[in-house]
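File shown here: entry39.txt, holding compact mmCIF, C-alpha atoms (C1' of nucleotides).
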# COMPACT_ATOMS: atom_id res chain seq x y z
CA MET A 1 -81.90 177.82 12.39
CA ASN A 2 -82.41 180.01 9.33
CA ASP A 3 -81.85 177.44 6.61
CA PHE A 4 -82.01 178.69 3.05
CA LEU A 5 -83.58 175.52 1.67
CA THR A 6 -86.29 175.68 4.33
CA GLU A 7 -86.99 179.30 3.45
CA MET A 8 -87.44 178.21 -0.16
CA GLU A 9 -90.39 176.07 0.97
CA TYR A 10 -91.60 173.90 -1.92
CA VAL A 11 -88.54 174.66 -4.05
CA GLY A 12 -86.10 173.42 -1.43
CA LEU A 13 -87.88 170.25 -0.41
CA THR A 14 -86.28 167.79 -2.82
CA SER A 15 -82.80 168.93 -1.86
CA ARG A 16 -83.70 168.69 1.81
CA LEU A 17 -84.90 165.13 1.29
CA LYS A 18 -81.58 164.27 -0.31
CA ARG A 19 -79.66 166.06 2.43
CA LEU A 20 -81.55 164.22 5.15
CA SER A 21 -81.30 160.85 3.45
CA ASP A 22 -77.56 161.29 2.91
CA SER A 23 -76.97 162.42 6.46
CA LEU A 24 -78.73 159.32 7.81
CA LEU A 25 -76.79 157.10 5.45
CA TYR A 26 -73.37 158.46 6.32
CA SER A 27 -74.15 158.58 10.00
CA THR A 28 -75.19 154.93 9.93
CA LYS A 29 -72.01 153.92 8.14
CA GLU A 30 -69.96 155.84 10.67
CA LEU A 31 -71.80 154.14 13.51
CA TYR A 32 -71.04 150.65 12.20
CA LYS A 33 -67.46 151.59 11.46
CA SER A 34 -66.80 153.14 14.86
CA GLU A 35 -68.26 150.09 16.55
CA GLY A 36 -66.21 147.74 14.40
CA LEU A 37 -69.29 146.08 12.93
CA ASP A 38 -68.79 144.48 9.56
CA ILE A 39 -72.15 145.49 8.15
CA GLU A 40 -73.58 148.35 6.13
CA PRO A 41 -76.82 150.27 5.83
CA ASN A 42 -79.66 148.31 4.17
CA TRP A 43 -78.17 144.94 5.09
CA ASN A 44 -80.70 144.71 7.92
CA LEU A 45 -83.44 144.60 5.28
CA ILE A 46 -81.79 141.68 3.50
CA PHE A 47 -81.28 139.88 6.79
CA ILE A 48 -84.93 140.32 7.68
CA LEU A 49 -86.08 139.10 4.28
CA LEU A 50 -83.84 136.02 4.35
CA GLN A 51 -84.93 135.15 7.85
CA GLU A 52 -88.55 135.32 6.82
CA ASN A 53 -88.14 133.45 3.56
CA GLU A 54 -85.15 131.13 3.90
CA THR A 55 -84.16 131.57 0.24
CA MET A 56 -84.83 134.36 -2.22
CA THR A 57 -83.56 135.44 -5.64
CA ILE A 58 -82.07 138.77 -6.67
CA THR A 59 -85.21 139.64 -8.59
CA GLU A 60 -87.51 138.82 -5.70
CA ILE A 61 -85.53 141.04 -3.38
CA SER A 62 -85.36 143.92 -5.84
CA GLU A 63 -89.13 143.73 -6.33
CA THR A 64 -89.78 143.56 -2.62
CA LEU A 65 -87.57 146.52 -1.79
CA GLN A 66 -88.41 148.39 -4.98
CA PHE A 67 -84.73 148.86 -5.71
CA SER A 68 -83.25 148.32 -9.16
CA HIS A 69 -81.83 144.84 -9.54
CA PRO A 70 -78.23 146.02 -10.05
CA ALA A 71 -78.49 147.75 -6.68
CA VAL A 72 -79.41 144.43 -5.09
CA VAL A 73 -76.63 142.63 -6.95
CA LYS A 74 -74.12 145.05 -5.45
CA ILE A 75 -75.43 144.67 -1.92
CA ILE A 76 -75.52 140.88 -2.20
CA ASN A 77 -71.99 140.72 -3.62
CA LYS A 78 -70.69 142.63 -0.63
CA MET A 79 -72.58 140.41 1.77
CA LYS A 80 -71.18 137.35 0.02
CA LYS A 81 -67.67 138.74 0.28
CA ASN A 82 -68.26 139.27 3.99
CA GLY A 83 -69.46 135.71 4.35
CA HIS A 84 -73.00 136.58 5.35
CA ILE A 85 -74.68 135.12 2.27
CA GLU A 86 -74.14 132.10 0.07
CA THR A 87 -75.71 131.35 -3.29
CA ARG A 88 -76.51 128.28 -5.27
CA THR A 89 -78.07 127.98 -8.69
CA ASP A 90 -81.66 126.82 -8.85
CA THR A 91 -81.74 123.34 -10.38
CA LYS A 92 -85.15 123.89 -11.99
CA ASP A 93 -84.24 127.28 -13.46
CA LYS A 94 -80.54 127.75 -13.91
CA ARG A 95 -80.87 131.51 -14.35
CA LYS A 96 -81.89 131.94 -10.74
CA GLN A 97 -79.48 132.40 -7.89
CA LEU A 98 -80.89 131.17 -4.60
CA LEU A 99 -79.64 133.29 -1.71
CA THR A 100 -79.42 132.12 1.88
CA LEU A 101 -77.86 133.39 5.08
CA THR A 102 -74.71 131.61 6.14
CA GLU A 103 -74.00 129.99 9.48
CA LYS A 104 -71.76 132.96 10.30
CA ALA A 105 -74.61 135.36 9.59
CA HIS A 106 -76.98 133.51 11.90
CA LYS A 107 -74.35 133.48 14.60
CA GLN A 108 -73.72 137.21 14.41
CA LEU A 109 -77.37 138.19 14.11
CA PRO A 110 -77.99 138.77 17.82
CA VAL A 111 -75.18 141.33 17.95
CA PHE A 112 -76.39 143.10 14.82
CA GLU A 113 -79.92 143.10 16.14
CA LYS A 114 -78.89 145.11 19.20
CA TYR A 115 -77.74 147.87 16.87
CA TRP A 116 -80.75 147.65 14.61
CA THR A 117 -83.08 147.87 17.59
CA ALA A 118 -81.23 150.93 18.86
CA GLY A 119 -81.48 152.47 15.39
CA ARG A 120 -85.17 151.76 15.26
CA LYS A 121 -85.50 153.51 18.59
CA THR A 122 -83.66 156.51 17.15
CA VAL A 123 -86.14 156.80 14.30
CA MET A 124 -89.02 156.52 16.76
CA ASP A 125 -87.53 159.35 18.81
CA LEU A 126 -86.99 161.47 15.71
CA LEU A 127 -90.65 161.00 14.78
CA ALA A 128 -91.98 161.44 18.30
CA ASP A 129 -93.14 165.02 17.76
CA SER A 130 -94.30 164.35 14.21
CA PRO A 131 -97.38 162.19 14.60
CA HIS A 132 -98.57 162.62 11.02
CA PHE A 133 -95.24 162.11 9.34
CA LEU A 134 -95.36 158.45 8.35
CA GLU A 135 -98.93 158.69 7.16
CA GLU A 136 -98.32 161.84 5.12
CA PHE A 137 -95.06 160.55 3.73
CA LEU A 138 -96.91 157.50 2.46
CA LYS A 139 -99.44 159.73 0.73
CA ILE A 140 -96.64 161.44 -1.16
CA GLU A 141 -95.15 158.10 -2.21
CA GLU A 142 -98.53 156.90 -3.41
CA LYS A 143 -99.11 160.02 -5.44
CA LEU A 144 -95.73 159.66 -7.10
CA ASN A 145 -96.49 156.02 -7.77
CA GLN A 146 -99.51 157.02 -9.80
CA SER A 147 -97.74 159.75 -11.75
CA ASP A 148 -94.10 160.68 -11.33
CA TYR A 149 -92.49 164.06 -10.90
CA LYS A 150 -91.71 164.48 -14.57
CA ASP A 151 -95.22 163.71 -15.82
CA ARG A 152 -96.81 165.90 -13.18
CA THR A 153 -94.54 168.80 -14.02
CA LEU A 154 -95.09 168.47 -17.76
CA LYS A 155 -98.82 168.50 -17.13
CA ASN A 156 -98.50 171.63 -14.99
CA LEU A 157 -96.53 173.27 -17.77
CA LYS A 158 -99.19 172.47 -20.34
CA ASN A 159 -102.01 173.71 -18.12
CA ASP A 160 -100.12 176.89 -17.53
CA GLU A 161 -99.63 177.49 -21.25
CA HIS A 162 -103.32 176.96 -21.94
CA SER A 163 -104.33 179.43 -19.27
CA ASN A 164 -102.42 182.23 -21.03
CA MET B 1 -99.85 149.12 -2.27
CA ASN B 2 -98.33 146.58 0.11
CA ASP B 3 -94.81 147.92 0.23
CA PHE B 4 -92.36 145.97 2.36
CA LEU B 5 -90.45 149.04 3.52
CA THR B 6 -93.69 150.67 4.59
CA GLU B 7 -94.67 147.59 6.53
CA MET B 8 -91.32 147.79 8.31
CA GLU B 9 -92.42 151.15 9.73
CA TYR B 10 -89.51 152.82 11.57
CA VAL B 11 -86.98 150.36 10.17
CA GLY B 12 -87.83 151.12 6.55
CA LEU B 13 -88.02 154.88 6.78
CA THR B 14 -84.43 155.77 5.92
CA SER B 15 -84.50 153.59 2.82
CA ARG B 16 -87.80 155.12 1.80
CA LEU B 17 -86.34 158.58 2.15
CA LYS B 18 -83.48 157.59 -0.13
CA ARG B 19 -85.86 155.94 -2.57
CA LEU B 20 -88.08 159.01 -2.73
CA SER B 21 -85.18 161.42 -3.00
CA ASP B 22 -83.62 159.37 -5.81
CA SER B 23 -86.87 159.05 -7.68
CA LEU B 24 -87.36 162.83 -7.61
CA LEU B 25 -83.78 163.39 -8.70
CA TYR B 26 -83.89 161.02 -11.67
CA SER B 27 -87.31 162.19 -12.72
CA THR B 28 -86.13 165.79 -12.73
CA LYS B 29 -83.11 164.91 -14.83
CA GLU B 30 -85.32 163.06 -17.27
CA LEU B 31 -87.66 166.02 -17.48
CA TYR B 32 -84.88 168.44 -18.39
CA LYS B 33 -83.40 165.96 -20.85
CA SER B 34 -86.68 165.22 -22.60
CA GLU B 35 -87.36 168.93 -22.95
CA GLY B 36 -83.88 169.61 -24.27
CA LEU B 37 -83.03 171.93 -21.39
CA ASP B 38 -79.34 172.27 -20.65
CA ILE B 39 -79.73 172.37 -16.87
CA GLU B 40 -79.69 169.93 -13.99
CA PRO B 41 -81.33 169.49 -10.61
CA ASN B 42 -80.11 171.95 -7.94
CA TRP B 43 -78.99 174.52 -10.48
CA ASN B 44 -82.15 176.48 -9.73
CA LEU B 45 -80.85 177.01 -6.20
CA ILE B 46 -77.57 178.44 -7.49
CA PHE B 47 -79.45 180.67 -9.94
CA ILE B 48 -81.63 181.98 -7.14
CA LEU B 49 -78.66 182.65 -4.88
CA LEU B 50 -76.69 184.45 -7.58
CA GLN B 51 -79.66 186.57 -8.55
CA GLU B 52 -80.11 187.63 -4.96
CA ASN B 53 -76.45 188.25 -4.24
CA GLU B 54 -74.76 189.16 -7.53
CA THR B 55 -71.51 187.43 -6.52
CA MET B 56 -70.81 184.61 -4.09
CA THR B 57 -67.91 182.28 -3.29
CA ILE B 58 -67.89 178.48 -3.21
CA THR B 59 -67.71 178.49 0.56
CA GLU B 60 -70.61 180.92 0.93
CA ILE B 61 -72.78 178.75 -1.27
CA SER B 62 -71.83 175.53 0.47
CA GLU B 63 -72.63 177.09 3.85
CA THR B 64 -75.93 178.45 2.62
CA LEU B 65 -77.07 175.17 1.11
CA GLN B 66 -75.42 173.06 3.80
CA PHE B 67 -73.72 170.95 1.14
CA SER B 68 -70.06 169.96 1.38
CA HIS B 69 -67.83 172.33 -0.54
CA PRO B 70 -66.64 169.70 -3.05
CA ALA B 71 -70.30 169.15 -3.98
CA VAL B 72 -70.60 172.84 -4.78
CA VAL B 73 -67.33 172.81 -6.72
CA LYS B 74 -68.73 170.07 -8.93
CA ILE B 75 -72.01 171.85 -9.58
CA ILE B 76 -70.26 175.12 -10.33
CA ASN B 77 -67.77 173.47 -12.70
CA LYS B 78 -70.64 172.05 -14.71
CA MET B 79 -72.41 175.38 -14.80
CA LYS B 80 -69.19 177.04 -15.94
CA LYS B 81 -68.77 174.48 -18.70
CA ASN B 82 -72.33 175.20 -19.80
CA GLY B 83 -71.60 178.91 -19.85
CA HIS B 84 -74.01 179.85 -17.09
CA ILE B 85 -71.41 181.00 -14.60
CA GLU B 86 -68.13 182.87 -14.78
CA THR B 87 -65.54 183.30 -12.09
CA ARG B 88 -62.91 185.84 -11.23
CA THR B 89 -60.43 185.82 -8.40
CA ASP B 90 -61.08 188.26 -5.59
CA THR B 91 -58.41 190.96 -5.67
CA LYS B 92 -58.43 191.43 -1.90
CA ASP B 93 -58.24 187.73 -1.13
CA LYS B 94 -56.78 185.69 -3.94
CA ARG B 95 -58.03 182.42 -2.47
CA LYS B 96 -61.62 183.36 -3.18
CA GLN B 97 -63.37 182.71 -6.47
CA LEU B 98 -66.15 185.21 -7.11
CA LEU B 99 -69.01 183.58 -9.00
CA THR B 100 -71.48 185.45 -11.18
CA LEU B 101 -74.18 184.53 -13.66
CA THR B 102 -73.25 185.09 -17.29
CA GLU B 103 -75.16 187.10 -19.85
CA LYS B 104 -76.30 183.79 -21.38
CA ALA B 105 -77.66 182.65 -18.03
CA HIS B 106 -79.67 185.82 -17.57
CA LYS B 107 -81.04 185.49 -21.08
CA GLN B 108 -82.19 181.90 -20.57
CA LEU B 109 -83.58 182.46 -17.10
CA PRO B 110 -87.18 183.16 -18.18
CA VAL B 111 -87.36 179.80 -19.95
CA PHE B 112 -85.86 177.93 -17.01
CA GLU B 113 -88.20 179.70 -14.66
CA LYS B 114 -91.23 178.31 -16.46
CA TYR B 115 -90.01 174.82 -15.63
CA TRP B 116 -89.03 175.65 -12.08
CA THR B 117 -92.46 177.16 -11.45
CA ALA B 118 -94.13 174.05 -12.83
CA GLY B 119 -91.92 171.91 -10.60
CA ARG B 120 -92.79 174.00 -7.59
CA LYS B 121 -96.44 173.46 -8.44
CA THR B 122 -95.80 169.71 -8.56
CA VAL B 123 -94.37 169.72 -5.05
CA MET B 124 -97.33 171.78 -3.85
CA ASP B 125 -99.69 169.21 -5.33
CA LEU B 126 -97.76 166.34 -3.79
CA LEU B 127 -98.04 168.01 -0.38
CA ALA B 128 -101.65 169.07 -0.81
CA ASP B 129 -103.06 166.25 1.36
CA SER B 130 -100.17 166.40 3.82
CA PRO B 131 -100.71 169.65 5.68
CA HIS B 132 -98.27 168.86 8.50
CA PHE B 133 -95.49 167.50 6.34
CA LEU B 134 -93.21 170.50 5.97
CA GLU B 135 -93.53 171.44 9.60
CA GLU B 136 -92.88 167.93 10.84
CA PHE B 137 -90.04 167.36 8.41
CA LEU B 138 -88.37 170.48 9.80
CA LYS B 139 -88.69 169.12 13.31
CA ILE B 140 -86.82 165.99 12.27
CA GLU B 141 -84.06 168.02 10.65
CA GLU B 142 -83.73 170.15 13.76
CA LYS B 143 -83.48 167.14 16.01
CA LEU B 144 -80.77 165.65 13.83
CA ASN B 145 -78.98 168.98 13.85
CA GLN B 146 -78.71 168.81 17.61
CA SER B 147 -77.57 165.20 17.72
CA ASP B 148 -77.05 163.02 14.70
CA TYR B 149 -78.24 159.50 14.00
CA LYS B 150 -75.03 157.88 15.17
CA ASP B 151 -74.87 159.67 18.52
CA ARG B 152 -78.55 159.08 19.21
CA THR B 153 -78.23 155.40 18.42
CA LEU B 154 -75.13 154.96 20.55
CA LYS B 155 -76.96 156.63 23.40
CA ASN B 156 -79.91 154.29 22.94
CA LEU B 157 -77.54 151.33 23.00
CA LYS B 158 -75.98 152.46 26.25
CA ASN B 159 -79.33 153.08 27.92
CA ASP B 160 -80.45 149.66 26.84
CA GLU B 161 -77.38 148.01 28.32
CA HIS B 162 -77.86 149.81 31.62
CA SER B 163 -81.47 148.72 31.88
CA ASN B 164 -80.46 145.06 31.76
C1' DC C 1 -41.21 189.79 11.33
C1' DC C 2 -41.44 185.21 11.14
C1' DA C 3 -43.49 180.79 12.42
C1' DC C 4 -47.79 178.75 12.92
C1' DA C 5 -52.75 178.27 12.39
C1' DT C 6 -56.68 178.95 9.69
C1' DT C 7 -59.26 179.40 5.53
C1' DA C 8 -60.64 178.79 0.43
C1' DA C 9 -60.94 175.86 -3.01
C1' DG C 10 -59.47 172.08 -5.80
C1' DT C 11 -58.61 166.88 -6.32
C1' DA C 12 -58.86 161.94 -5.39
C1' DA C 13 -61.08 158.01 -3.99
C1' DC C 14 -65.25 156.11 -2.48
C1' DT C 15 -70.48 155.25 -1.85
C1' DG C 16 -75.04 153.71 -2.87
C1' DG C 17 -77.91 154.39 -6.08
C1' DT C 18 -79.37 154.69 -11.29
C1' DT C 19 -80.00 153.40 -16.60
C1' DA C 20 -78.52 150.79 -20.55
C1' DC C 21 -76.84 146.81 -22.46
C1' DG C 22 -75.67 141.81 -23.06
C1' DC C 23 -76.06 136.97 -22.52
C1' DA C 24 -77.94 132.67 -21.38
C1' DA C 25 -81.94 130.09 -19.91
C1' DA C 26 -86.75 129.45 -20.05
C1' DT C 27 -91.16 130.13 -22.17
C1' DA C 28 -94.46 131.08 -25.74
C1' DT C 29 -95.77 130.89 -30.48
C1' DA C 30 -96.13 129.77 -35.42
C1' DT D 1 -89.97 121.76 -33.43
C1' DA D 2 -87.80 125.89 -34.76
C1' DT D 3 -87.95 130.59 -33.81
C1' DA D 4 -89.18 134.67 -31.29
C1' DT D 5 -89.99 136.71 -26.78
C1' DT D 6 -89.36 137.15 -22.03
C1' DT D 7 -86.86 136.63 -17.83
C1' DG D 8 -82.85 136.57 -14.46
C1' DC D 9 -78.84 138.51 -13.49
C1' DG D 10 -74.38 140.34 -14.36
C1' DT D 11 -71.56 144.35 -15.99
C1' DA D 12 -70.41 148.99 -17.55
C1' DA D 13 -70.84 153.69 -17.34
C1' DC D 14 -72.77 157.39 -14.97
C1' DC D 15 -74.48 160.47 -11.10
C1' DA D 16 -74.77 163.37 -7.06
C1' DG D 17 -73.24 163.27 -2.98
C1' DT D 18 -69.51 162.26 0.77
C1' DT D 19 -64.70 162.31 3.46
C1' DA D 20 -59.81 163.00 3.37
C1' DC D 21 -55.98 165.25 1.58
C1' DT D 22 -53.33 169.13 -0.73
C1' DT D 23 -51.96 173.67 -1.88
C1' DA D 24 -51.90 178.43 -1.67
C1' DA D 25 -53.26 182.67 0.56
C1' DT D 26 -54.34 185.05 4.64
C1' DG D 27 -54.41 186.04 9.62
C1' DT D 28 -52.15 185.99 14.16
C1' DG D 29 -49.11 185.75 18.38
C1' DG D 30 -44.48 185.73 20.39
Just dump the structure as structure tokens.
Amino acid sequence: MNDFLTEMEYVGLTSRLKRLSDSLLYSTKELYKSEGLDIEPNWNLIFILLQENETMTITEISETLQFSHPAVVKIINKMKKNGHIETRTDTKDKRKQLLTLTEKAHKQLPVFEKYWTAGRKTVMDLLADSPHFLEEFLKIEEKLNQSDYKDRTLKNLKNDEHSN
Amino acid sequence: MNDFLTEMEYVGLTSRLKRLSDSLLYSTKELYKSEGLDIEPNWNLIFILLQENETMTITEISETLQFSHPAVVKIINKMKKNGHIETRTDTKDKRKQLLTLTEKAHKQLPVFEKYWTAGRKTVMDLLADSPHFLEEFLKIEEKLNQSDYKDRTLKNLKNDEHSN
DNA sequence: CCACATTAAGTAACTGGTTACGCAAATATA
DNA sequence: TATATTTGCGTAACCAGTTACTTAATGTGG
């Protein structure tokens, strides 16, 4: 294979994460497009959430997914335009938009689910020879949750200065 | 922690990869900004390549990093604007732009390197409790290199149909 | 030697994220 | 009860990537 970023070890990892994440994203979009499906990556998550909960608000979804709320707004707007989601204003709290799946969405779900199941299978296959991956990936996320890349790096810098 | 995407297991992984990759990216940018450094994420890779090779072309870099060539064009344009890179046209092949580090770049390198070393340390720390991570991550990349997400998922779909 | 194919690099339009800001509604406080 | 704070969500501007297209230079086969 002989990949430069891999040879860089720790230095190349963040770029490899981006590269992998992008490649999955674009490949998923291409899949849906080539199959003529009117959905996009991440929509499966919204579908799952709105099946579980009937109605949710933008803020609830953004907290659940740990995405910024403008990101969720964008996704939801697209899903509304495609007729998969409808909104109504909460009568008790007029700031809140209550989101629900439309009839159309429920009708199309079985078809979508075939693709999502196949995609899930793909990820399983990709991870088949990597039995520690999910567990170790979680550890990294948890570490970064406690102290992010910037803070950790600044601390390393300071320690390094002191040791001179 | 109780993270929805984590609970989704295989289904949530691609979004978690994006989330992690983004968080590292933005945190790195913030680090450079807060320290008043006039560099951006990924530039370290270009610096390393141009120290090793003296001159390279856009295409060579994009092949080495496995980024699309427009991505490299954008990075290089920024580095040129910041005075870190200069270009001259190859006399043998006037399509090629030969890239080299400027005097200014060489002068600032030692400062940058302090930060890059600290960042490398951060990644090492993040991976400290995940001894199989790099190895298993590579396996995933290699699998996707042989057949991408779309093709694998389409194949899974077909198999599934046949088994019914 | 000329027509055609390939290659290098630049540009445009788009994508899914982000932060920063603003506004209106709800809540807390003096 | 009036005022200050917080909350929900929408919008703008940005960011680092992508694909698709263009142009110019080079390489190649009849």
Test item: residues at most 10 Å from region 17-21 of chain C, only C-alpha atoms (C1' of nucleotides), excluding those fewer than 6 positions along its chain, as a PyMOL selection string: (chain A and resi 67-68+70-71) or (chain B and resi 18-19+22-23+26) or (chain D and resi 11-16)
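Residues lying within 12 Å of DT27 (chain C), counting all atoms listed in the file and ignoring same-chain neighbours fewer than 2 positions away, are Asp93 of chain A; DA25 and DT29 of chain C; DA4, DT5, DT6 and DT7 of chain D.
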Write out chain A, as a short mmCIF file (atom, residue, chain, number, x, y, z; two decimals) with C-alpha atoms, keeping the file's coordinate frame, after superposing it onto chain B by least squares using every C-alpha atom paired in order.
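To be explicit, this is the file written out as part.cif:
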data_model
loop_
_atom_site.label_atom_id
_atom_site.label_comp_id
_atom_site.auth_asym_id
_atom_site.auth_seq_id
_atom_site.Cartn_x
_atom_site.Cartn_y
_atom_site.Cartn_z
CA MET A 1 -99.85 149.09 -2.36
CA ASN A 2 -98.33 146.59 0.07
CA ASP A 3 -94.80 147.92 0.22
CA PHE A 4 -92.35 145.98 2.34
CA LEU A 5 -90.44 149.04 3.51
CA THR A 6 -93.69 150.68 4.59
CA GLU A 7 -94.66 147.57 6.52
CA MET A 8 -91.32 147.78 8.32
CA GLU A 9 -92.42 151.15 9.73
CA TYR A 10 -89.52 152.80 11.56
CA VAL A 11 -86.97 150.35 10.16
CA GLY A 12 -87.83 151.11 6.56
CA LEU A 13 -88.02 154.88 6.77
CA THR A 14 -84.43 155.77 5.92
CA SER A 15 -84.50 153.60 2.82
CA ARG A 16 -87.81 155.11 1.80
CA LEU A 17 -86.34 158.59 2.15
CA LYS A 18 -83.49 157.58 -0.13
CA ARG A 19 -85.87 155.94 -2.58
CA LEU A 20 -88.07 159.01 -2.73
CA SER A 21 -85.17 161.43 -3.00
CA ASP A 22 -83.60 159.39 -5.80
CA SER A 23 -86.86 159.07 -7.67
CA LEU A 24 -87.35 162.85 -7.61
CA LEU A 25 -83.78 163.40 -8.71
CA TYR A 26 -83.88 161.04 -11.66
CA SER A 27 -87.31 162.19 -12.70
CA THR A 28 -86.12 165.80 -12.72
CA LYS A 29 -83.10 164.93 -14.82
CA GLU A 30 -85.31 163.06 -17.25
CA LEU A 31 -87.66 166.03 -17.46
CA TYR A 32 -84.86 168.44 -18.38
CA LYS A 33 -83.38 165.97 -20.82
CA SER A 34 -86.66 165.22 -22.58
CA GLU A 35 -87.35 168.92 -22.92
CA GLY A 36 -83.87 169.59 -24.24
CA LEU A 37 -83.01 171.93 -21.37
CA ASP A 38 -79.34 172.26 -20.62
CA ILE A 39 -79.72 172.38 -16.86
CA GLU A 40 -79.68 169.94 -13.97
CA PRO A 41 -81.32 169.50 -10.60
CA ASN A 42 -80.11 171.95 -7.92
CA TRP A 43 -78.99 174.53 -10.48
CA ASN A 44 -82.17 176.49 -9.72
CA LEU A 45 -80.84 177.02 -6.20
CA ILE A 46 -77.57 178.45 -7.50
CA PHE A 47 -79.45 180.67 -9.94
CA ILE A 48 -81.64 181.99 -7.15
CA LEU A 49 -78.67 182.66 -4.90
CA LEU A 50 -76.70 184.47 -7.61
CA GLN A 51 -79.68 186.57 -8.55
CA GLU A 52 -80.13 187.63 -4.97
CA ASN A 53 -76.47 188.27 -4.26
CA GLU A 54 -74.78 189.17 -7.54
CA THR A 55 -71.52 187.45 -6.55
CA MET A 56 -70.81 184.64 -4.12
CA THR A 57 -67.92 182.30 -3.31
CA ILE A 58 -67.89 178.51 -3.24
CA THR A 59 -67.71 178.54 0.54
CA GLU A 60 -70.61 180.93 0.92
CA ILE A 61 -72.79 178.77 -1.28
CA SER A 62 -71.83 175.55 0.47
CA GLU A 63 -72.64 177.12 3.84
CA THR A 64 -75.93 178.49 2.60
CA LEU A 65 -77.08 175.21 1.10
CA GLN A 66 -75.43 173.09 3.79
CA PHE A 67 -73.73 170.99 1.14
CA SER A 68 -70.09 169.98 1.37
CA HIS A 69 -67.86 172.36 -0.54
CA PRO A 70 -66.66 169.73 -3.05
CA ALA A 71 -70.30 169.18 -3.97
CA VAL A 72 -70.61 172.87 -4.78
CA VAL A 73 -67.34 172.84 -6.72
CA LYS A 74 -68.73 170.09 -8.93
CA ILE A 75 -72.01 171.86 -9.57
CA ILE A 76 -70.26 175.14 -10.33
CA ASN A 77 -67.78 173.48 -12.69
CA LYS A 78 -70.63 172.05 -14.71
CA MET A 79 -72.41 175.38 -14.80
CA LYS A 80 -69.20 177.04 -15.94
CA LYS A 81 -68.77 174.46 -18.68
CA ASN A 82 -72.33 175.19 -19.79
CA GLY A 83 -71.59 178.89 -19.85
CA HIS A 84 -74.02 179.82 -17.10
CA ILE A 85 -71.40 181.00 -14.61
CA GLU A 86 -68.13 182.86 -14.80
CA THR A 87 -65.52 183.30 -12.09
CA ARG A 88 -62.88 185.81 -11.27
CA THR A 89 -60.40 185.83 -8.42
CA ASP A 90 -61.04 188.27 -5.61
CA THR A 91 -58.35 190.96 -5.71
CA LYS A 92 -58.40 191.45 -1.93
CA ASP A 93 -58.22 187.73 -1.15
CA LYS A 94 -56.75 185.70 -3.95
CA ARG A 95 -58.03 182.42 -2.50
CA LYS A 96 -61.61 183.39 -3.22
CA GLN A 97 -63.37 182.73 -6.48
CA LEU A 98 -66.13 185.23 -7.14
CA LEU A 99 -69.01 183.60 -9.02
CA THR A 100 -71.49 185.46 -11.18
CA LEU A 101 -74.17 184.53 -13.68
CA THR A 102 -73.25 185.08 -17.30
CA GLU A 103 -75.17 187.07 -19.88
CA LYS A 104 -76.30 183.76 -21.40
CA ALA A 105 -77.66 182.63 -18.04
CA HIS A 106 -79.68 185.81 -17.59
CA LYS A 107 -81.04 185.46 -21.09
CA GLN A 108 -82.18 181.89 -20.58
CA LEU A 109 -83.59 182.43 -17.11
CA PRO A 110 -87.18 183.13 -18.17
CA VAL A 111 -87.36 179.77 -19.96
CA PHE A 112 -85.85 177.91 -17.01
CA GLU A 113 -88.19 179.69 -14.65
CA LYS A 114 -91.24 178.29 -16.44
CA TYR A 115 -90.00 174.80 -15.62
CA TRP A 116 -89.04 175.64 -12.07
CA THR A 117 -92.45 177.16 -11.44
CA ALA A 118 -94.13 174.05 -12.82
CA GLY A 119 -91.91 171.91 -10.59
CA ARG A 120 -92.79 174.00 -7.59
CA LYS A 121 -96.43 173.46 -8.42
CA THR A 122 -95.80 169.71 -8.54
CA VAL A 123 -94.37 169.73 -5.03
CA MET A 124 -97.33 171.78 -3.82
CA ASP A 125 -99.70 169.22 -5.32
CA LEU A 126 -97.76 166.35 -3.78
CA LEU A 127 -98.05 168.01 -0.37
CA ALA A 128 -101.66 169.07 -0.79
CA ASP A 129 -103.06 166.26 1.36
CA SER A 130 -100.19 166.41 3.84
CA PRO A 131 -100.71 169.66 5.71
CA HIS A 132 -98.27 168.85 8.50
CA PHE A 133 -95.49 167.51 6.34
CA LEU A 134 -93.20 170.51 5.98
CA GLU A 135 -93.53 171.45 9.61
CA GLU A 136 -92.88 167.92 10.86
CA PHE A 137 -90.05 167.37 8.43
CA LEU A 138 -88.37 170.47 9.81
CA LYS A 139 -88.69 169.10 13.33
CA ILE A 140 -86.83 165.98 12.28
CA GLU A 141 -84.06 168.03 10.66
CA GLU A 142 -83.73 170.15 13.78
CA LYS A 143 -83.48 167.13 16.02
CA LEU A 144 -80.76 165.64 13.85
CA ASN A 145 -78.98 168.97 13.87
CA GLN A 146 -78.71 168.80 17.63
CA SER A 147 -77.57 165.19 17.75
CA ASP A 148 -77.04 163.00 14.71
CA TYR A 149 -78.23 159.49 14.01
CA LYS A 150 -75.02 157.87 15.18
CA ASP A 151 -74.87 159.65 18.54
CA ARG A 152 -78.54 159.05 19.20
CA THR A 153 -78.23 155.37 18.42
CA LEU A 154 -75.12 154.93 20.55
CA LYS A 155 -76.96 156.58 23.42
CA ASN A 156 -79.93 154.25 22.94
CA LEU A 157 -77.57 151.30 23.00
CA LYS A 158 -75.99 152.43 26.25
CA ASN A 159 -79.35 153.06 27.91
CA ASP A 160 -80.49 149.65 26.85
CA GLU A 161 -77.42 147.97 28.33
CA HIS A 162 -77.90 149.76 31.64
CA SER A 163 -81.51 148.69 31.87
CA ASN A 164 -80.50 145.01 31.80
#
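Nearest residue to chain A, choosing from B:Leu31, B:Met79, B:Ile48, B:Ala128 and counting all atoms listed in the file: B:Leu31.
Distances here use only C-alpha atoms (C1' of nucleotides); by that measure, the residue among B:Gln51, B:Asn145, B:Gln66, B:Gln97 closest to DG10 (chain C) is B:Gln97.
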Within 12 Å of DA13 (chain C), counting all atoms listed in the file, which residues qualify if same-chain residues fewer than 4 places away don't, as a list of chain:residue names? D:DT18, D:DT19, D:DA20, D:DC21
